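What follows is a single structure, written as structure tokens, with notes after it.
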Amino acid sequence: MVALVLVRGSWVCACVELLSREMWPRQEESFKVAQDEAGRWMPVWLTLERKMGWKRKEPAHFSTAAATFCLPTSSAAGSTFFSQENLQAQVSLMVCSALRRVAHAHICLVRRASHVCRGHQHRAWGSRPAASDVAARGAPGSVLELLGKSYLQDDHTNLTQKVLSKVGRNLHNQRHHPLWLIKERVKEHFYKQYVGRFGTPLFSVYDNLSPVVTTWQNFDSLLIPADHPSRKKGDNYYLNRTHMLRAHTSAHQWDLLHAGLDAFLVVGDVYRRDQIDCQHYPVFHQLEGVRLFSKHELFAGVKDGESLQLFEHGSRSAHKQETHSMEAMKLVEFDLKQTLSRLVAHLFGDAGAQDRIGWAFGLGLERLAMILYDIPDIRLFWSEDDRFLKQFRLSDINQKVKFQPLSKYPALTNDISFWLPTENYAENDFYDLVRTVGGDLVEKVDLIDKFEHPKTHRTSHCYRITYRHMERTLSQREVSHIHQDIQAAVVRQLGVEGRF
């Protein structure tokens, strides 16, 4: 909706009323309208400034309902002439274009979501996957469809159907889920504690950015070297050599900073291949905060602050990078500590910029929720058991609640041992395979023995796999079937020689 407010001389003030986050479809396209010169989609307010020559009167945040802009009514200085009559038409065209993009994306996602729901989402807790579910990877050249887009698979593809079934679940956006409660409490804190000059929240929040990112976004934009071990296939989920499931929400920092934002929170699901225990899961949720300061903002309250500098050509030390001044580093460090201290007190009680400097932090929502609500096992966050979910249907998000454990069903353990191949064995490959075949029946996997043959120098690993159903007692017979499937899969897919 566009409303003309008033005319003052050569300026027209227009208020562009945006749909609230609750009504707007929760897709990345919801705040993209036009592309910049590099082909990146820009937020609505940045589009109005860059493409149409409008000047923003007050900070526009996606958490607020309206953003006010000033725009020229004459063609002076090369600006486009806007009459009162065509102003509304111009903006209406822009907003309608955005709505068409959102509707198209929404249809694609609904189609994809319906497919996922039929195949995976309503599968009973811990049930065994079908044979076709063991691995999602296809032959190089085949196509993988995810969230309405197609990706050509290659020799880097290592996604499993188990992980793919979690994409799009967005637990942090499901009302009254414990992860949603944590997210909402953090948002409430930042909205109340950090307010801009015009009374609007200083921090904007992005909680539905696509988890599919480019490797450039995930690594290069953060200056992670090409040979850094964090890029290994053994630690990440790749769609192909150029696209992956984000390993951290920091993958979006570059895009948001270059969209002109200097204070924002990003919340989303992230994906990492890891060990198996009650604290680790291949999918978890991060909340990240970023804040940038100009020289004026950082030194405004410092005596003789006008003589201080953000940057210098110094030397790197344990306390700062070579480009930052010690004064700036100390102030930013203090501000970050204060920010985190206030956030912790709120939750638990009292128990890339050229001419700016800032801080960033990242928090795991699962770890916070496990501590705050006494949730003992990370697998519970994916439970659809109403005995778990109903405990977090609170009238007030700040209401104190402690998880009341479901009945503790007995665990069953089985060991598996094998000779490792001479090369290309990664322990995370084994953990990923066990998760894929055993599903959420696997509580943890421990490496209990490691042996090197004195003559052949071959290495043998022995793992103990603990099985436990969260909602019923398992029988040794059904566990044996699953364990045999794991034994067969590890020989077939990892090239090991079984000792069973």
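FYI, nothing fancy with the structure tokens labels: chains A, B, ... in order, residues from 1 per chain, ligands from 1 as they appear.
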
Env of A:Trp216: 12 Å cut, atoms = only C-alpha atoms, seq-sep filter 5 positions within chain, self excluded. Answer as a ChimeraX atom specification. /A:221-226,231,241-244,246,250-255

Can you pull out the residues contacting A:Leu363? Cut-off 10 Å, using only C-alpha atoms, and skip same-chain residues under 6 positions away; I want them as a PDB file with N, CA and C atoms, in the first residue's frame.
ATOM      1  N   VAL A 267      18.908 -15.873  12.072  1.00  0.00           N
ATOM      2  CA  VAL A 267      18.562 -17.129  12.734  1.00  0.00           C
ATOM      3  C   VAL A 267      18.266 -18.165  11.659  1.00  0.00           C
ATOM      4  N   HIS A 285      20.622 -25.208  15.028  1.00  0.00           N
ATOM      5  CA  HIS A 285      20.144 -23.857  14.729  1.00  0.00           C
ATOM      6  C   HIS A 285      21.033 -22.819  15.401  1.00  0.00           C
ATOM      7  N   GLN A 286      21.397 -21.822  14.629  1.00  0.00           N
ATOM      8  CA  GLN A 286      22.256 -20.752  15.119  1.00  0.00           C
ATOM      9  C   GLN A 286      21.521 -19.421  15.127  1.00  0.00           C
ATOM     10  N   LEU A 287      21.893 -18.580  16.065  1.00  0.00           N
ATOM     11  CA  LEU A 287      21.464 -17.190  16.086  1.00  0.00           C
ATOM     12  C   LEU A 287      22.718 -16.334  16.110  1.00  0.00           C
ATOM     13  N   GLU A 288      22.817 -15.438  15.167  1.00  0.00           N
ATOM     14  CA  GLU A 288      24.020 -14.628  15.015  1.00  0.00           C
ATOM     15  C   GLU A 288      23.664 -13.146  15.055  1.00  0.00           C
ATOM     16  N   GLY A 289      24.476 -12.372  15.746  1.00  0.00           N
ATOM     17  CA  GLY A 289      24.275 -10.928  15.799  1.00  0.00           C
ATOM     18  C   GLY A 289      25.474 -10.203  15.234  1.00  0.00           C
TER      19      GLY A 289
END

Might you pull out every residue within 7 Å of A:Tyr463, with only C-alpha atoms counted and same-chain residues fewer than 4 positions away left off, and present them as a CSV table (one decimal) with N, CA, C and O atoms, in the first residue's frame?
chain,number,residue,atom,x,y,z
A,415,ASP,N,28.3,-53.7,19.1
A,415,ASP,CA,29.6,-53.3,18.6
A,415,ASP,C,29.8,-53.6,17.1
A,415,ASP,O,29.2,-54.6,16.6
A,416,ILE,N,30.6,-52.8,16.5
A,416,ILE,CA,31.0,-53.1,15.1
A,416,ILE,C,32.4,-52.8,14.9
A,416,ILE,O,32.9,-51.7,15.4
A,417,SER,N,33.2,-53.7,14.3
A,417,SER,CA,34.6,-53.5,14.1
A,417,SER,C,35.0,-53.8,12.7
A,417,SER,O,34.4,-54.7,12.0
A,445,VAL,N,27.5,-43.0,19.4
A,445,VAL,CA,28.5,-43.9,18.8
A,445,VAL,C,29.8,-43.6,19.5
A,445,VAL,O,30.2,-42.4,19.4
A,446,ASP,N,30.5,-44.6,20.1
A,446,ASP,CA,31.7,-44.4,20.7
A,446,ASP,C,32.8,-45.2,20.1
A,446,ASP,O,32.6,-46.4,19.8
A,447,LEU,N,34.0,-44.7,19.8
A,447,LEU,CA,35.1,-45.4,19.4
A,447,LEU,C,35.8,-46.0,20.6
A,447,LEU,O,36.3,-45.3,21.4
A,448,ILE,N,35.6,-47.4,20.8
A,448,ILE,CA,36.1,-48.0,22.1
A,448,ILE,C,37.4,-48.7,21.9
A,448,ILE,O,38.0,-49.0,22.9

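Counting only C-alpha atoms and comparing A:Leu412, A:His461, A:Arg185, A:Trp419, the residue that lies closest to A:Leu365 is A:Arg185.
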
Can you tell me, as a ChimeraX atom specification, what residues are no more than 12 Å from A:Pro178 when counting only C-alpha atoms, ignoring any on the same chain fewer than 3 positions away? /A:171-175,181-185,285,365-375,378,380-383,388-394,397-403
